[in-house]
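Chemist: Quick one: this structure, given as structure tokens, is what I'll be asking you about.
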Amino acid sequence: MRAQVVEMRKRLLAQIREHRKSGAAELFEDIDVELKEQLEVAIAELENRISELLGRDSHLADTARILRSVPGIGPVAGSTLIADPLGPLLRNALPGNDFPSSVLSSAKKLRH
């Protein structure tokens, strides 16, 4: 969900840039600012909820700490990997799930 809200914020920021380029920024300024603030609040709330969940489970907290020890993996990437470790791999699968059956069965076990 956090990724979806962040994507919405990215689209809004692109829209704001377009408003500025077209000279229409003043027409949309109030709406753009309000939407951006709402998205920022939603992202912060989701990040707080994620932190709380990780803090309640020692195994998840240990996993998060290990992931963050990897250069380039911060709190957001680490919690994303914990929440959906095989999601990106499976979402980027070729049509028809052209994965070996052993990969798919392992993914199913990890997700349940």
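Chain lettering (A, B, ...) mirrors the order of the structure tokens, residue numbering begins at 1 for each chain separately, and ligand numbering begins at 1 in order of display.
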Got a sec: who's within 9 Å of Arg65 of chain A, counting only C-alpha atoms, leaving out chain neighbours fewer than 5 positions off, as a list in words?
Modeler: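 The contact residues come out as Leu60, Pro75 and Gly78 of chain A.
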Chemist: Work out how far atom CA of Arg2 of chain A is from atom CA of Glu34 of chain A, in Å to one decimal.
Modeler: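 Between these atoms lies a distance of 18.8 Å.
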Chemist: Using only C-alpha atoms, can you tell me which of A:Ile50, A:Ile66, A:Leu12, A:Val76 comes closest to Val33 of chain A?
Modeler: A:Leu12
Chemist: Would you return as a PyMOL selection string the members of segment 8-102 of chain A that DSSP assigns to helix (DSSP H, G or I) on this structure's backbone?
Modeler: chain A and resi 8-22+25-56+58-68+75-83+87-91+101-102
Chemist: Smallest atom-to-atom distance to Val41 of chain A: which of A:Arg9, A:Leu81, A:Gln15, A:Glu26, using only C-alpha atoms?
Modeler: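 Closest residue, counting only C-alpha atoms: A:Arg9.
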Chemist: Got a sec: who's within 10 Å of Val6 of chain A, counting only C-alpha atoms, leaving out chain neighbours fewer than 5 positions off, as a VMD selection string?
Modeler: chain A and resid 1 11 to 12 39 to 40 42 to 43
Chemist: Go ahead and write the residues just picked, C-alpha atoms, as a CSV table (one decimal), in the first residue's frame.
Modeler:
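Final output, saved to result-v8.csv:
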chain,number,residue,atom,x,y,z
A,1,MET,CA,0.0,0.0,0.0
A,11,ARG,CA,2.2,11.5,-10.2
A,12,LEU,CA,0.9,14.5,-8.3
A,39,LEU,CA,-0.4,12.0,0.7
A,40,GLU,CA,2.5,13.0,2.9
A,42,ALA,CA,-0.8,9.0,4.6
A,43,ILE,CA,2.8,7.9,3.9
Chemist: Using only C-alpha atoms, determine which residues lie at most 12 Å from Ala64 of chain A, disregarding the query and same-chain residues fewer than 2 positions distant; provide the list as a ChimeraX atom specification.
Modeler: /A:50-51,53-55,57-62,66-70,73-83
Chemist: Atom CA of Glu45 of chain A to atom CA of Thr63 of chain A: how many Å, to one decimal?
Modeler: 21.8 Å
